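Working notes, beginning with the structure itself.
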Amino acid sequence: MKRSGTLGFGLALCVIAAAIALAPSSGALVSWLVRLWPVLPILVGIASLVGFALKRQPRRPWVGAVLISFGALALPVTLQATSNPLVLFGKYWPVMVVVVAFVEVLRQYTHRPEMGERPALFSPGKIALVGLIAVTGLGANRLAETNPNVLANTAMPKWVGNVRDDLFGEEFTFDPVLQTVELPVSGIVSVTNRFGDLSVEAYDGSSVEVQLTPTIRAYDRETATSVMQQLALSVTSEGQVVSVATNRDAVEHRLTTNLKVRVPKVAGLRIEQSHGSVTIAGLESGAAGVTVGGSHSSLDLHGVRADVAVKNSHQSVSVTGCTGSLEIEGRSDVTVSSHTGSILLTDSDSVNLTAIVAPRVELRSVDHARVSMENLGAAPGEATVDPAAPLAEVLIAGERTRVTLKSIRANVKVRTTHEDVRANGITGMLDIEASNSRVDVTGAGALTVKTDHENVKAKDVAGPVIVDADHSEVSVTDFRSAITVRTTFERVRLAAARDQAGDVIIENERGSVDVRLPADRLYRFETSGDVRIDPSFGRVADGTAPPFRVAITTSENQDITIRPVVNSSSAGEPA
């Protein structure tokens, strides 16, 4: 029993895990589980029969047969092939007889001598079981033809009725309920909704218009109607606050309360919601701002001109074409595009920022996340940026956080571990502190990197470059200013731009060094180890130009090669 039970429950857990991974949202996941839960007893039953056939574990096949029969009869109901299990059983009871016959055939053909005497093919108990199935099936068929809603009309305990509605019910949607309340001057709209979708739309009027559309899961429409009669919408005004809520928590039944709220553009907004989607469009709330608290609610904001704070979010957050400060806290997937205003994200699972104009963008504790930023510092559709405008500040901090940056007009700090950092087109200073993280940079105003056990690759850096690494191969090409590299056990390859000006300092323990520098510069070489300096250096002398220092230190007499850059505007990859 133990092994077969483990197999069955293992299969069921695999199905649940696959559903969680593939579901686009928590609402879709709940819908799948409600409709497809009979697959789980079918899988457990199949595993039980397999265990019986192979090793007689369990010792009797009937538990598996009952689970398969129950799941096979329940699945069409949950898929809404019919809403009445009585009708279904009355029509398909022969399937249970087939299952009984299959079990007996399985018992006979998998019997082995060491199991003892072969069981009888026919016995009074088996004949009685088949007779009971046939009699109850025919009776159910006749009863369903006479009164198919007999189950709905049968009085039963409340909890039994709820289980019946959850397992075998269907969704009933009722006509909307409407209420309107005038919004006070500088008023705030507070919406509380537990289960259901919420849409907030701003308009030029002065009233708060609320539309409630309930969806109730029940065995039949009569039951759903009785639940609907218990539900009430409350829209009240007290002081500066208009409160919108329902009495859903007082109704002991499964239902969703979908709300559509129209508010004046200047209204402040406060939302508390647990499950469902939240959509907000067109608000211009000014100082009142927007606050959303939703533990498992996806959020979509577009065209909002207000400060926005999102708390305890565990679903996706999408912000498009908004203006104002944006703060989002929670394990959520965040997508922001065409936004103007500072951004603060905490604990996000993934971050995608595009076309952002902000004085500061900060990502805190974005552990195990994927962070992507593109076109930060230029307004949407803006062709050029004032070079005298101050640079933005970007801070990204997390563990095992993968970072991808492109076209960022800002000073950037990245703190991460065990994931790649890729940057392209950073106007300001790029400061990377990482561990076990590969770094790949193309285009930066200046660069500082601290990492270990992964390679560092950089190209086209205008300002100073500082690389402090350990067990890391370092390759820097087309650098134009001073450079300092420290690493161990791996090689260092540098190729300067033709207009490079500045000191070159390299410390490499037990690693080789290959450096290409402009031959028309005067350098003062300070090296140790086996050094090979191309004779081109020093033959072109300009006594008025101050010499630049080239200090290279290695241990255990490792190779050092210094040669001129290729005859081009950039160095390219060193050999």
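To be explicit about the labels: the chains of the structure tokens are called A, B, and onward in the order shown, and within each one the residues are counted from 1, while ligands get numbers from 1 in the order they are shown.
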
Need the shell around Asp367 in chain A: protein/DNA/RNA residues with any atom at most 12 Å away, counting only C-alpha atoms. Skip same-chain ones fewer than 3 positions apart. Format as a PyMOL selection string? chain A and resi 330-332+345-351+363-364+370-371+396-403+415-419

Run DSSP on the backbone and tell me which residues of range 192-420 of chain A come out as alpha helix (DSSP H); list them as a PDB file with N, CA and C atoms, in the first residue's frame.
ATOM      1  N   ARG A 221     -29.356  27.529 -10.669  1.00  0.00           N
ATOM      2  CA  ARG A 221     -29.598  28.972 -10.619  1.00  0.00           C
ATOM      3  C   ARG A 221     -30.430  29.355  -9.405  1.00  0.00           C
ATOM      4  N   GLU A 222     -31.309  28.474  -8.955  1.00  0.00           N
ATOM      5  CA  GLU A 222     -32.125  28.808  -7.781  1.00  0.00           C
ATOM      6  C   GLU A 222     -31.245  29.025  -6.556  1.00  0.00           C
ATOM      7  N   THR A 223     -30.255  28.139  -6.371  1.00  0.00           N
ATOM      8  CA  THR A 223     -29.327  28.317  -5.251  1.00  0.00           C
ATOM      9  C   THR A 223     -28.532  29.593  -5.407  1.00  0.00           C
ATOM     10  N   ALA A 224     -28.059  29.875  -6.644  1.00  0.00           N
ATOM     11  CA  ALA A 224     -27.291  31.093  -6.893  1.00  0.00           C
ATOM     12  C   ALA A 224     -28.128  32.335  -6.612  1.00  0.00           C
ATOM     13  N   THR A 225     -29.421  32.283  -6.961  1.00  0.00           N
ATOM     14  CA  THR A 225     -30.295  33.428  -6.728  1.00  0.00           C
ATOM     15  C   THR A 225     -30.479  33.692  -5.234  1.00  0.00           C
ATOM     16  N   SER A 226     -30.597  32.624  -4.454  1.00  0.00           N
ATOM     17  CA  SER A 226     -30.745  32.808  -3.007  1.00  0.00           C
ATOM     18  C   SER A 226     -29.481  33.425  -2.397  1.00  0.00           C
ATOM     19  N   VAL A 227     -28.310  33.069  -2.929  1.00  0.00           N
ATOM     20  CA  VAL A 227     -27.070  33.681  -2.457  1.00  0.00           C
ATOM     21  C   VAL A 227     -27.019  35.139  -2.878  1.00  0.00           C
ATOM     22  N   MET A 228     -27.433  35.413  -4.100  1.00  0.00           N
ATOM     23  CA  MET A 228     -27.420  36.781  -4.615  1.00  0.00           C
ATOM     24  C   MET A 228     -28.278  37.702  -3.753  1.00  0.00           C
TER      25      MET A 228
END

Selection near Thr213 in chain A, 8 Å with only C-alpha atoms, sequence-local residues under 4 positions removed, as an MDAnalysis selection string: chainID A and resid 173:177 257:259

For the residues selected in the previous step, produce a file with all heavy atoms as a compact mmCIF listing (two decimals), in the first residue's frame.
# COMPACT_ATOMS: atom_id res chain seq x y z
N THR A 173 -23.77 34.41 -13.54
CA THR A 173 -23.53 35.85 -13.50
C THR A 173 -24.86 36.59 -13.51
O THR A 173 -25.75 36.27 -14.32
CB THR A 173 -22.67 36.30 -14.69
OG1 THR A 173 -21.42 35.60 -14.65
CG2 THR A 173 -22.40 37.79 -14.64
N PHE A 174 -24.99 37.57 -12.64
CA PHE A 174 -26.26 38.30 -12.48
C PHE A 174 -26.11 39.73 -13.01
O PHE A 174 -25.01 40.22 -13.26
CB PHE A 174 -26.67 38.32 -11.01
CG PHE A 174 -27.08 36.97 -10.49
CD1 PHE A 174 -26.13 36.07 -10.03
CD2 PHE A 174 -28.41 36.59 -10.48
CE1 PHE A 174 -26.49 34.83 -9.55
CE2 PHE A 174 -28.79 35.35 -10.01
CZ PHE A 174 -27.84 34.46 -9.54
N ASP A 175 -27.24 40.39 -13.18
CA ASP A 175 -27.25 41.76 -13.68
C ASP A 175 -26.52 42.68 -12.70
O ASP A 175 -26.54 42.47 -11.47
CB ASP A 175 -28.69 42.25 -13.86
CG ASP A 175 -29.40 41.50 -14.98
OD1 ASP A 175 -28.69 40.98 -15.87
OD2 ASP A 175 -30.64 41.40 -14.93
N PRO A 176 -25.85 43.72 -13.22
CA PRO A 176 -25.08 44.62 -12.35
C PRO A 176 -25.97 45.38 -11.37
O PRO A 176 -27.14 45.67 -11.64
CB PRO A 176 -24.41 45.58 -13.35
CG PRO A 176 -24.45 44.88 -14.66
CD PRO A 176 -25.69 44.05 -14.65
N VAL A 177 -25.37 45.69 -10.22
CA VAL A 177 -25.99 46.55 -9.20
C VAL A 177 -25.28 47.89 -9.24
O VAL A 177 -24.04 47.95 -9.20
CB VAL A 177 -25.87 45.92 -7.81
CG1 VAL A 177 -26.49 46.83 -6.75
CG2 VAL A 177 -26.55 44.55 -7.78
N THR A 257 -16.97 39.19 -6.56
CA THR A 257 -17.63 40.49 -6.68
C THR A 257 -16.78 41.36 -7.60
O THR A 257 -15.78 41.94 -7.17
CB THR A 257 -17.77 41.14 -5.29
OG1 THR A 257 -16.49 41.10 -4.63
CG2 THR A 257 -18.77 40.38 -4.45
N ASN A 258 -17.16 41.43 -8.85
CA ASN A 258 -16.45 42.24 -9.83
C ASN A 258 -16.98 43.67 -9.79
O ASN A 258 -18.19 43.90 -9.94
CB ASN A 258 -16.63 41.64 -11.23
CG ASN A 258 -16.12 40.21 -11.31
OD1 ASN A 258 -15.03 39.92 -10.84
ND2 ASN A 258 -16.90 39.33 -11.90
N LEU A 259 -16.06 44.62 -9.59
CA LEU A 259 -16.45 46.01 -9.44
C LEU A 259 -15.88 46.86 -10.57
O LEU A 259 -14.71 46.71 -10.95
CB LEU A 259 -15.94 46.57 -8.10
CG LEU A 259 -16.52 45.97 -6.81
CD1 LEU A 259 -15.80 46.54 -5.61
CD2 LEU A 259 -18.01 46.25 -6.73

Give me the residues near range 425-442 of chain A as a ChimeraX atom specification, where near means some atom within 7 Å (using only C-alpha atoms) and where sequence neighbours in that chain fewer than 2 positions away do not count. /A:406-423,444-460

Compile the contact shell of Leu231 in chain A as a PyMOL selection string: residues with an atom at most 9 Å away, counting only C-alpha atoms, same-chain residues fewer than 3 positions apart removed. chain A and resi 214+227-228+246-248+250-251

Can you pull out every residue from range 299-512 of chain A that DSSP, working from the backbone, puts in strand (DSSP E), and format the result as a ChimeraX atom specification? /A:299-302,306-311,316-320,326-329,333-340,343-346,350-357,360-364,370-376,392-397,402-408,410-417,421-435,439-452,456-461,465-470,474-479,483-488,492-496,504-509

Just give me the gap between CA of Lys311 in chain A and CA of Glu329 in chain A in Å, one decimal is fine.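 CA of Lys311 in chain A sits 4.9 Å away from CA of Glu329 in chain A.
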
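The gap separating CA of Leu138 in chain A from CA of Val95 in chain A is 13.0 Å, in Å to one decimal.
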
Gap from CA of Ala288 in chain A to CA of Val394 in chain A - Å, one decimal: 26.7 Å

Non-local contacts of Phe537 in chain A (12 Å; only C-alpha atoms; under 6 positions in same chain excluded) as a list in words: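 Residues near the query, excluding close chain neighbours: Arg516, Leu517, Pro518, Ala519, Asp520, Arg521, Leu522, Tyr523, Arg524, Phe525, Pro547, Val550, Ile562, Arg563, Pro564 and Val565 of chain A.
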
Output N, CA, C and O atoms of each residue in that selection to a file, as a PDB file, in the first residue's frame.
ATOM      1  N   ARG A 516      48.210  46.175 -25.085  1.00  0.00           N
ATOM      2  CA  ARG A 516      48.443  46.938 -26.316  1.00  0.00           C
ATOM      3  C   ARG A 516      48.178  48.411 -26.025  1.00  0.00           C
ATOM      4  O   ARG A 516      47.098  48.769 -25.525  1.00  0.00           O
ATOM      5  N   LEU A 517      49.172  49.254 -26.369  1.00  0.00           N
ATOM      6  CA  LEU A 517      49.091  50.681 -26.083  1.00  0.00           C
ATOM      7  C   LEU A 517      49.461  51.481 -27.319  1.00  0.00           C
ATOM      8  O   LEU A 517      50.157  50.974 -28.219  1.00  0.00           O
ATOM      9  N   PRO A 518      49.023  52.757 -27.400  1.00  0.00           N
ATOM     10  CA  PRO A 518      49.414  53.591 -28.544  1.00  0.00           C
ATOM     11  C   PRO A 518      50.940  53.778 -28.572  1.00  0.00           C
ATOM     12  O   PRO A 518      51.553  54.146 -27.563  1.00  0.00           O
ATOM     13  N   ALA A 519      51.553  53.525 -29.719  1.00  0.00           N
ATOM     14  CA  ALA A 519      53.013  53.614 -29.822  1.00  0.00           C
ATOM     15  C   ALA A 519      53.507  55.055 -29.831  1.00  0.00           C
ATOM     16  O   ALA A 519      54.699  55.296 -29.626  1.00  0.00           O
ATOM     17  N   ASP A 520      52.617  56.027 -30.087  1.00  0.00           N
ATOM     18  CA  ASP A 520      53.050  57.424 -30.143  1.00  0.00           C
ATOM     19  C   ASP A 520      52.926  58.118 -28.782  1.00  0.00           C
ATOM     20  O   ASP A 520      52.942  59.334 -28.700  1.00  0.00           O
ATOM     21  N   ARG A 521      52.787  57.342 -27.719  1.00  0.00           N
ATOM     22  CA  ARG A 521      52.765  57.903 -26.368  1.00  0.00           C
ATOM     23  C   ARG A 521      54.088  57.576 -25.680  1.00  0.00           C
ATOM     24  O   ARG A 521      54.728  56.573 -25.960  1.00  0.00           O
ATOM     25  N   LEU A 522      54.492  58.460 -24.754  1.00  0.00           N
ATOM     26  CA  LEU A 522      55.647  58.168 -23.922  1.00  0.00           C
ATOM     27  C   LEU A 522      55.177  57.489 -22.647  1.00  0.00           C
ATOM     28  O   LEU A 522      54.295  58.002 -21.933  1.00  0.00           O
ATOM     29  N   TYR A 523      55.746  56.337 -22.363  1.00  0.00           N
ATOM     30  CA  TYR A 523      55.382  55.591 -21.159  1.00  0.00           C
ATOM     31  C   TYR A 523      56.625  55.323 -20.322  1.00  0.00           C
ATOM     32  O   TYR A 523      57.733  55.145 -20.851  1.00  0.00           O
ATOM     33  N   ARG A 524      56.437  55.314 -19.047  1.00  0.00           N
ATOM     34  CA  ARG A 524      57.489  54.910 -18.137  1.00  0.00           C
ATOM     35  C   ARG A 524      57.146  53.511 -17.625  1.00  0.00           C
ATOM     36  O   ARG A 524      56.171  53.324 -16.900  1.00  0.00           O
ATOM     37  N   PHE A 525      57.927  52.492 -18.029  1.00  0.00           N
ATOM     38  CA  PHE A 525      57.612  51.102 -17.733  1.00  0.00           C
ATOM     39  C   PHE A 525      58.218  50.674 -16.400  1.00  0.00           C
ATOM     40  O   PHE A 525      59.417  50.857 -16.161  1.00  0.00           O
ATOM     41  N   PRO A 547      55.326  61.726 -19.431  1.00  0.00           N
ATOM     42  CA  PRO A 547      55.226  60.275 -19.604  1.00  0.00           C
ATOM     43  C   PRO A 547      54.109  59.695 -18.746  1.00  0.00           C
ATOM     44  O   PRO A 547      53.833  60.191 -17.654  1.00  0.00           O
ATOM     45  N   VAL A 550      53.366  52.855 -16.713  1.00  0.00           N
ATOM     46  CA  VAL A 550      52.885  51.503 -16.971  1.00  0.00           C
ATOM     47  C   VAL A 550      53.551  50.599 -15.940  1.00  0.00           C
ATOM     48  O   VAL A 550      54.737  50.288 -16.065  1.00  0.00           O
ATOM     49  N   ILE A 562      54.003  43.702 -24.075  1.00  0.00           N
ATOM     50  CA  ILE A 562      53.541  45.065 -24.327  1.00  0.00           C
ATOM     51  C   ILE A 562      53.827  45.385 -25.780  1.00  0.00           C
ATOM     52  O   ILE A 562      54.982  45.298 -26.227  1.00  0.00           O
ATOM     53  N   ARG A 563      52.809  45.742 -26.526  1.00  0.00           N
ATOM     54  CA  ARG A 563      52.980  46.011 -27.958  1.00  0.00           C
ATOM     55  C   ARG A 563      52.014  47.110 -28.385  1.00  0.00           C
ATOM     56  O   ARG A 563      51.063  47.441 -27.662  1.00  0.00           O
ATOM     57  N   PRO A 564      52.230  47.674 -29.572  1.00  0.00           N
ATOM     58  CA  PRO A 564      51.361  48.785 -30.010  1.00  0.00           C
ATOM     59  C   PRO A 564      49.992  48.290 -30.455  1.00  0.00           C
ATOM     60  O   PRO A 564      49.829  47.147 -30.874  1.00  0.00           O
ATOM     61  N   VAL A 565      49.006  49.186 -30.363  1.00  0.00           N
ATOM     62  CA  VAL A 565      47.662  48.864 -30.834  1.00  0.00           C
ATOM     63  C   VAL A 565      47.678  48.804 -32.355  1.00  0.00           C
ATOM     64  O   VAL A 565      48.578  49.326 -33.027  1.00  0.00           O
TER      65      VAL A 565
END
